[in-house]
file query-v7.cif (mmCIF, N, CA and C atoms and all ligand atoms)
data_coords
#
loop_
_atom_site.label_atom_id
_atom_site.label_comp_id
_atom_site.auth_asym_id
_atom_site.auth_seq_id
_atom_site.Cartn_x
_atom_site.Cartn_y
_atom_site.Cartn_z
N MET A 1 -4.36 11.47 3.80
CA MET A 1 -3.78 12.71 3.30
C MET A 1 -2.63 13.10 4.21
N ARG A 2 -1.46 13.27 3.62
CA ARG A 2 -0.29 13.66 4.40
C ARG A 2 -0.21 15.19 4.43
N VAL A 3 0.02 15.70 5.61
CA VAL A 3 0.15 17.14 5.78
C VAL A 3 1.59 17.43 6.19
N THR A 4 2.21 18.38 5.49
CA THR A 4 3.56 18.79 5.85
C THR A 4 3.54 20.25 6.30
N CYS A 5 4.48 20.55 7.15
CA CYS A 5 4.58 21.91 7.69
C CYS A 5 5.04 22.86 6.58
N PRO A 6 4.35 23.99 6.40
CA PRO A 6 4.75 24.93 5.35
C PRO A 6 6.03 25.70 5.71
N HIS A 7 6.48 25.60 6.96
CA HIS A 7 7.66 26.34 7.40
C HIS A 7 8.94 25.52 7.31
N CYS A 8 8.87 24.23 7.73
CA CYS A 8 10.09 23.42 7.75
C CYS A 8 9.98 22.15 6.91
N GLY A 9 8.78 21.80 6.45
CA GLY A 9 8.60 20.62 5.61
C GLY A 9 8.46 19.33 6.38
N ALA A 10 8.50 19.38 7.72
CA ALA A 10 8.33 18.17 8.53
C ALA A 10 6.87 17.72 8.48
N ARG A 11 6.65 16.49 8.88
CA ARG A 11 5.29 15.97 8.93
C ARG A 11 4.50 16.73 9.99
N ALA A 12 3.24 16.94 9.70
CA ALA A 12 2.36 17.63 10.65
C ALA A 12 1.20 16.71 11.01
N ILE A 13 0.61 16.98 12.13
CA ILE A 13 -0.53 16.20 12.62
C ILE A 13 -1.76 17.09 12.62
N VAL A 14 -2.85 16.59 12.05
CA VAL A 14 -4.11 17.32 12.05
C VAL A 14 -4.74 17.18 13.42
N THR A 15 -5.05 18.31 14.02
CA THR A 15 -5.64 18.27 15.37
C THR A 15 -7.16 18.34 15.33
N HIS A 16 -7.69 19.13 14.44
CA HIS A 16 -9.13 19.17 14.29
C HIS A 16 -9.51 19.89 12.99
N ARG A 17 -10.79 19.82 12.66
CA ARG A 17 -11.31 20.40 11.43
C ARG A 17 -12.50 21.28 11.77
N LYS A 18 -12.55 22.45 11.14
CA LYS A 18 -13.66 23.37 11.37
C LYS A 18 -14.36 23.59 10.03
N PRO A 19 -15.59 23.09 9.86
CA PRO A 19 -16.31 23.27 8.59
C PRO A 19 -16.60 24.75 8.33
N ILE A 20 -16.36 25.17 7.10
CA ILE A 20 -16.72 26.52 6.67
C ILE A 20 -18.09 26.47 6.03
N ASN A 21 -18.28 25.48 5.15
CA ASN A 21 -19.57 25.18 4.55
C ASN A 21 -19.51 23.72 4.11
N VAL A 22 -20.50 23.26 3.33
CA VAL A 22 -20.54 21.84 2.97
C VAL A 22 -19.40 21.45 2.04
N ARG A 23 -18.75 22.42 1.41
CA ARG A 23 -17.68 22.09 0.46
C ARG A 23 -16.30 22.59 0.88
N ALA A 24 -16.18 23.13 2.07
CA ALA A 24 -14.88 23.64 2.50
C ALA A 24 -14.74 23.53 4.02
N SER A 25 -13.49 23.28 4.43
CA SER A 25 -13.19 23.20 5.86
C SER A 25 -11.82 23.82 6.11
N GLU A 26 -11.63 24.27 7.35
CA GLU A 26 -10.30 24.67 7.80
C GLU A 26 -9.73 23.51 8.59
N ILE A 27 -8.50 23.12 8.24
CA ILE A 27 -7.83 22.01 8.89
C ILE A 27 -6.75 22.59 9.80
N TYR A 28 -6.84 22.32 11.08
CA TYR A 28 -5.85 22.80 12.04
C TYR A 28 -4.80 21.72 12.23
N ALA A 29 -3.54 22.09 12.13
CA ALA A 29 -2.46 21.12 12.23
C ALA A 29 -1.31 21.67 13.04
N VAL A 30 -0.49 20.75 13.56
CA VAL A 30 0.70 21.12 14.33
C VAL A 30 1.89 20.35 13.77
N CYS A 31 2.99 21.05 13.62
CA CYS A 31 4.23 20.47 13.09
C CYS A 31 4.82 19.50 14.13
N THR A 32 5.32 18.34 13.65
CA THR A 32 5.90 17.36 14.58
C THR A 32 7.36 17.65 14.93
N SER A 33 7.98 18.59 14.22
CA SER A 33 9.37 18.94 14.54
C SER A 33 9.40 19.75 15.83
N GLU A 34 10.15 19.27 16.82
CA GLU A 34 10.24 19.99 18.09
C GLU A 34 10.92 21.33 17.92
N GLU A 35 11.82 21.43 16.95
CA GLU A 35 12.51 22.70 16.71
C GLU A 35 11.59 23.75 16.10
N CYS A 36 10.59 23.31 15.37
CA CYS A 36 9.66 24.23 14.68
C CYS A 36 8.40 24.45 15.52
N ALA A 37 7.66 23.33 15.73
CA ALA A 37 6.43 23.33 16.55
C ALA A 37 5.38 24.33 16.07
N ALA A 38 5.40 24.65 14.78
CA ALA A 38 4.41 25.61 14.27
C ALA A 38 3.01 25.01 14.31
N ARG A 39 2.05 25.85 14.52
CA ARG A 39 0.63 25.47 14.43
C ARG A 39 0.08 26.30 13.29
N PHE A 40 -0.67 25.67 12.40
CA PHE A 40 -1.15 26.38 11.21
C PHE A 40 -2.50 25.84 10.77
N VAL A 41 -3.11 26.57 9.87
CA VAL A 41 -4.44 26.22 9.36
C VAL A 41 -4.34 26.06 7.85
N LEU A 42 -4.88 24.97 7.36
CA LEU A 42 -4.98 24.71 5.92
C LEU A 42 -6.44 24.82 5.53
N ARG A 43 -6.68 25.15 4.30
CA ARG A 43 -8.06 25.18 3.81
C ARG A 43 -8.23 24.03 2.83
N LEU A 44 -9.23 23.21 3.09
CA LEU A 44 -9.55 22.07 2.24
C LEU A 44 -10.91 22.34 1.60
N SER A 45 -10.94 22.36 0.28
CA SER A 45 -12.21 22.66 -0.37
C SER A 45 -12.41 21.83 -1.63
N TYR A 46 -13.66 21.59 -1.93
CA TYR A 46 -14.03 20.89 -3.16
C TYR A 46 -13.70 21.80 -4.34
N GLN A 47 -13.12 21.22 -5.40
CA GLN A 47 -12.81 22.00 -6.60
C GLN A 47 -13.68 21.57 -7.77
N TYR A 48 -13.57 20.32 -8.17
CA TYR A 48 -14.36 19.83 -9.30
C TYR A 48 -14.33 18.30 -9.28
N ASP A 49 -15.20 17.70 -10.08
CA ASP A 49 -15.26 16.24 -10.18
C ASP A 49 -14.32 15.75 -11.26
N VAL A 50 -13.56 14.74 -10.95
CA VAL A 50 -12.80 14.03 -11.98
C VAL A 50 -13.75 13.05 -12.66
N THR A 51 -14.55 12.38 -11.87
CA THR A 51 -15.62 11.53 -12.36
C THR A 51 -16.86 11.87 -11.56
N PRO A 52 -17.93 12.29 -12.21
CA PRO A 52 -19.14 12.63 -11.46
C PRO A 52 -19.70 11.42 -10.72
N PRO A 53 -20.54 11.63 -9.72
CA PRO A 53 -21.15 10.51 -9.01
C PRO A 53 -21.92 9.60 -9.96
N VAL A 54 -21.95 8.33 -9.63
CA VAL A 54 -22.62 7.35 -10.47
C VAL A 54 -24.08 7.75 -10.69
N SER A 55 -24.70 8.32 -9.68
CA SER A 55 -26.10 8.71 -9.80
C SER A 55 -26.30 9.73 -10.92
N LEU A 56 -25.32 10.61 -11.13
CA LEU A 56 -25.43 11.58 -12.22
C LEU A 56 -25.17 10.92 -13.56
N LEU A 57 -24.20 10.00 -13.59
CA LEU A 57 -23.88 9.33 -14.85
C LEU A 57 -25.04 8.48 -15.33
N THR A 58 -25.67 7.77 -14.40
CA THR A 58 -26.76 6.88 -14.82
C THR A 58 -28.04 7.66 -15.07
N ASP A 59 -28.06 8.90 -14.65
CA ASP A 59 -29.25 9.72 -14.87
C ASP A 59 -29.07 10.64 -16.07
N SER A 60 -28.00 10.46 -16.81
CA SER A 60 -27.75 11.35 -17.93
C SER A 60 -28.73 11.08 -19.07
N LEU A 61 -28.82 12.02 -19.96
CA LEU A 61 -29.70 11.87 -21.12
C LEU A 61 -29.30 10.65 -21.93
N TYR A 62 -28.00 10.44 -22.08
CA TYR A 62 -27.52 9.28 -22.84
C TYR A 62 -28.05 7.99 -22.21
N GLU A 63 -27.94 7.87 -20.88
CA GLU A 63 -28.41 6.66 -20.20
C GLU A 63 -29.91 6.50 -20.35
N ARG A 64 -30.64 7.59 -20.25
CA ARG A 64 -32.09 7.50 -20.38
C ARG A 64 -32.47 7.01 -21.76
N ILE A 65 -31.81 7.54 -22.79
CA ILE A 65 -32.12 7.11 -24.15
C ILE A 65 -31.70 5.66 -24.35
N ALA A 66 -30.54 5.28 -23.81
CA ALA A 66 -30.06 3.91 -23.98
C ALA A 66 -31.00 2.89 -23.34
N ASN A 67 -31.72 3.30 -22.30
CA ASN A 67 -32.60 2.36 -21.61
C ASN A 67 -34.03 2.37 -22.13
N LEU A 68 -34.31 3.15 -23.16
CA LEU A 68 -35.66 3.16 -23.75
C LEU A 68 -35.89 1.89 -24.56
N PRO A 69 -37.15 1.52 -24.78
CA PRO A 69 -37.44 0.42 -25.69
C PRO A 69 -36.88 0.75 -27.07
N PRO A 70 -36.43 -0.25 -27.83
CA PRO A 70 -35.79 0.00 -29.13
C PRO A 70 -36.60 0.90 -30.07
N ALA A 71 -37.92 0.73 -30.12
CA ALA A 71 -38.73 1.55 -31.04
C ALA A 71 -38.71 3.02 -30.63
N ASP A 72 -38.81 3.29 -29.34
CA ASP A 72 -38.76 4.67 -28.85
C ASP A 72 -37.39 5.28 -29.10
N ARG A 73 -36.34 4.50 -28.86
CA ARG A 73 -34.98 4.98 -29.08
C ARG A 73 -34.78 5.31 -30.56
N ALA A 74 -35.28 4.47 -31.45
CA ALA A 74 -35.14 4.70 -32.89
C ALA A 74 -35.86 5.98 -33.30
N ARG A 75 -37.04 6.26 -32.73
CA ARG A 75 -37.78 7.49 -33.05
C ARG A 75 -37.00 8.73 -32.62
N ILE A 76 -36.41 8.68 -31.46
CA ILE A 76 -35.63 9.83 -30.98
C ILE A 76 -34.40 10.04 -31.85
N ILE A 77 -33.72 8.97 -32.18
CA ILE A 77 -32.53 9.09 -33.03
C ILE A 77 -32.91 9.63 -34.40
N ALA A 78 -34.03 9.15 -34.96
CA ALA A 78 -34.47 9.63 -36.28
C ALA A 78 -34.83 11.11 -36.24
N ALA A 79 -35.43 11.54 -35.13
CA ALA A 79 -35.85 12.94 -35.02
C ALA A 79 -34.67 13.89 -34.87
N PHE A 80 -33.61 13.47 -34.19
CA PHE A 80 -32.51 14.38 -33.89
C PHE A 80 -31.23 14.12 -34.66
N ALA A 81 -31.14 13.00 -35.35
CA ALA A 81 -29.92 12.70 -36.10
C ALA A 81 -29.81 13.65 -37.28
N PRO A 82 -28.59 14.05 -37.64
CA PRO A 82 -28.43 14.92 -38.81
C PRO A 82 -28.93 14.21 -40.07
N LYS A 83 -29.59 14.99 -40.92
CA LYS A 83 -30.09 14.43 -42.17
C LYS A 83 -28.92 14.11 -43.08
N ALA A 84 -29.10 13.08 -43.87
CA ALA A 84 -28.05 12.68 -44.82
C ALA A 84 -27.81 13.80 -45.80
N GLN A 85 -26.54 14.04 -46.09
CA GLN A 85 -26.17 15.09 -47.04
C GLN A 85 -26.40 14.57 -48.46
N LEU A 86 -27.21 15.31 -49.22
CA LEU A 86 -27.44 14.95 -50.62
C LEU A 86 -26.46 15.72 -51.48
N PRO A 87 -25.92 15.07 -52.50
CA PRO A 87 -25.00 15.80 -53.38
C PRO A 87 -25.69 16.95 -54.08
N LEU A 88 -25.02 18.08 -54.21
CA LEU A 88 -25.59 19.26 -54.87
C LEU A 88 -25.34 19.14 -56.36
N LEU A 89 -26.41 18.97 -57.14
CA LEU A 89 -26.27 18.86 -58.61
C LEU A 89 -27.14 19.88 -59.27
ZN ZN A 101 7.55 22.89 11.03
#
call {"tool": "encode", "arguments": {"input": "query-v7.cif", "output": "structure tokens"}}
result
Amino acid sequence: MRVTCPHCGARAIVTHRKPINVRASEIYAVCTSEECAARFVLRLSYQYDVTPPVSLLTDSLYERIANLPPADRARIIAAFAPKAQLPLL
């Protein structure tokens, strides 16, 4: 992860990290520009998953149904599948 100085745009170096909680940290950085030399704190935090962990994907209801024996899977599909639409006469 590249960090740039918010004041001059020069590259910055991360000096240390201070955890706030399991999903957020404060990142302490110093600007590499000798003319600027700013020291600043960034906040790094978890926002959302682009792809959930594999353990969640393989534990999903879809995966559980897909791994059932064919007869059990057919019973579940028959029970929850929409009924065929009959023409209204
Ligand atoms: Zn700077």
call {"tool": "residues_near_ligand", "arguments": {"input": "query-v7.cif", "ligand": "ligand ZN 101 (chain A)", "cutoff": "10 Å", "atoms": "only C-alpha atoms and all ligand atoms", "output": "PyMOL selection string"}}
result
chain A and resi 4-12+30-40
call {"tool": "atom_distance", "arguments": {"input": "query-v7.cif", "atom1": "atom C of Ala24 in chain A", "atom2": "atom C of Leu42 in chain A"}}
result
8.5 Å
call {"tool": "select_by_dssp", "arguments": {"input": "query-v7.cif", "residues": "chain A", "states": "strand (DSSP E or B)", "output": "count of residues only"}}
result
27
call {"tool": "select_by_dssp", "arguments": {"input": "query-v7.cif", "residues": "chain A", "states": "helix (DSSP H, G or I)", "output": "list in words"}}
result
Val54, Ser55, Leu56, Leu57, Thr58, Leu61, Tyr62, Glu63, Arg64, Ile65, Ala66, Pro70, Ala71, Asp72, Arg73, Ala74, Arg75, Ile76, Ile77, Ala78, Ala79 and Phe80 of chain A
call {"tool": "write_last_selection", "arguments": {"input": "query-v7.cif", "atoms": "N, CA and C atoms", "output": "mmCIF file, in the coordinates of the input"}}
result
data_model
loop_
_atom_site.group_PDB
_atom_site.id
_atom_site.type_symbol
_atom_site.label_atom_id
_atom_site.label_comp_id
_atom_site.auth_asym_id
_atom_site.auth_seq_id
_atom_site.Cartn_x
_atom_site.Cartn_y
_atom_site.Cartn_z
ATOM 1 N N VAL A 54 -21.950 8.330 -9.630
ATOM 2 C CA VAL A 54 -22.620 7.350 -10.470
ATOM 3 C C VAL A 54 -24.080 7.750 -10.690
ATOM 4 N N SER A 55 -24.700 8.320 -9.680
ATOM 5 C CA SER A 55 -26.100 8.710 -9.800
ATOM 6 C C SER A 55 -26.300 9.730 -10.920
ATOM 7 N N LEU A 56 -25.320 10.610 -11.130
ATOM 8 C CA LEU A 56 -25.430 11.580 -12.220
ATOM 9 C C LEU A 56 -25.170 10.920 -13.560
ATOM 10 N N LEU A 57 -24.200 10.000 -13.590
ATOM 11 C CA LEU A 57 -23.880 9.330 -14.850
ATOM 12 C C LEU A 57 -25.040 8.480 -15.330
ATOM 13 N N THR A 58 -25.670 7.770 -14.400
ATOM 14 C CA THR A 58 -26.760 6.880 -14.820
ATOM 15 C C THR A 58 -28.040 7.660 -15.070
ATOM 16 N N LEU A 61 -28.820 12.020 -19.960
ATOM 17 C CA LEU A 61 -29.700 11.870 -21.120
ATOM 18 C C LEU A 61 -29.300 10.650 -21.930
ATOM 19 N N TYR A 62 -28.000 10.440 -22.080
ATOM 20 C CA TYR A 62 -27.520 9.280 -22.840
ATOM 21 C C TYR A 62 -28.050 7.990 -22.210
ATOM 22 N N GLU A 63 -27.940 7.870 -20.880
ATOM 23 C CA GLU A 63 -28.410 6.660 -20.200
ATOM 24 C C GLU A 63 -29.910 6.500 -20.350
ATOM 25 N N ARG A 64 -30.640 7.590 -20.250
ATOM 26 C CA ARG A 64 -32.090 7.500 -20.380
ATOM 27 C C ARG A 64 -32.470 7.010 -21.760
ATOM 28 N N ILE A 65 -31.810 7.540 -22.790
ATOM 29 C CA ILE A 65 -32.120 7.110 -24.150
ATOM 30 C C ILE A 65 -31.700 5.660 -24.350
ATOM 31 N N ALA A 66 -30.540 5.280 -23.810
ATOM 32 C CA ALA A 66 -30.060 3.910 -23.980
ATOM 33 C C ALA A 66 -31.000 2.890 -23.340
ATOM 34 N N PRO A 70 -36.430 -0.250 -27.830
ATOM 35 C CA PRO A 70 -35.790 0.000 -29.130
ATOM 36 C C PRO A 70 -36.600 0.900 -30.070
ATOM 37 N N ALA A 71 -37.920 0.730 -30.120
ATOM 38 C CA ALA A 71 -38.730 1.550 -31.040
ATOM 39 C C ALA A 71 -38.710 3.020 -30.630
ATOM 40 N N ASP A 72 -38.810 3.290 -29.340
ATOM 41 C CA ASP A 72 -38.760 4.670 -28.850
ATOM 42 C C ASP A 72 -37.390 5.280 -29.100
ATOM 43 N N ARG A 73 -36.340 4.500 -28.860
ATOM 44 C CA ARG A 73 -34.980 4.980 -29.080
ATOM 45 C C ARG A 73 -34.780 5.310 -30.560
ATOM 46 N N ALA A 74 -35.280 4.470 -31.450
ATOM 47 C CA ALA A 74 -35.140 4.700 -32.890
ATOM 48 C C ALA A 74 -35.860 5.980 -33.300
ATOM 49 N N ARG A 75 -37.040 6.260 -32.730
ATOM 50 C CA ARG A 75 -37.780 7.490 -33.050
ATOM 51 C C ARG A 75 -37.000 8.730 -32.620
ATOM 52 N N ILE A 76 -36.410 8.680 -31.460
ATOM 53 C CA ILE A 76 -35.630 9.830 -30.980
ATOM 54 C C ILE A 76 -34.400 10.040 -31.850
ATOM 55 N N ILE A 77 -33.720 8.970 -32.180
ATOM 56 C CA ILE A 77 -32.530 9.090 -33.030
ATOM 57 C C ILE A 77 -32.910 9.630 -34.400
ATOM 58 N N ALA A 78 -34.030 9.150 -34.960
ATOM 59 C CA ALA A 78 -34.470 9.630 -36.280
ATOM 60 C C ALA A 78 -34.830 11.110 -36.240
ATOM 61 N N ALA A 79 -35.430 11.540 -35.130
ATOM 62 C CA ALA A 79 -35.850 12.940 -35.020
ATOM 63 C C ALA A 79 -34.670 13.890 -34.870
ATOM 64 N N PHE A 80 -33.610 13.470 -34.190
ATOM 65 C CA PHE A 80 -32.510 14.380 -33.890
ATOM 66 C C PHE A 80 -31.230 14.120 -34.660
#
call {"tool": "atom_distance", "arguments": {"input": "query-v7.cif", "atom1": "atom N of Ala74 in chain A", "atom2": "atom N of Val54 in chain A"}}
result
25.9 Å
call {"tool": "atom_distance", "arguments": {"input": "query-v7.cif", "atom1": "atom C of Ala78 in chain A", "atom2": "CA of Asp59 in chain A"}}
result
22.1 Å
call {"tool": "residues_around", "arguments": {"input": "query-v7.cif", "residues": "Val41 in chain A", "least_positions_apart": "4", "cutoff": "7 Å", "atoms": "only C-alpha atoms", "output": "list in words"}}
result
Glu26, Ile27, Tyr28 and Ala29 of chain A
call {"tool": "closest_residue", "arguments": {"input": "query-v7.cif", "among": "A:Arg17, A:Arg23, A:Arg2, A:Arg75", "to": "Ser45 in chain A", "atoms": "all atoms listed in the file"}}
result
A:Arg23
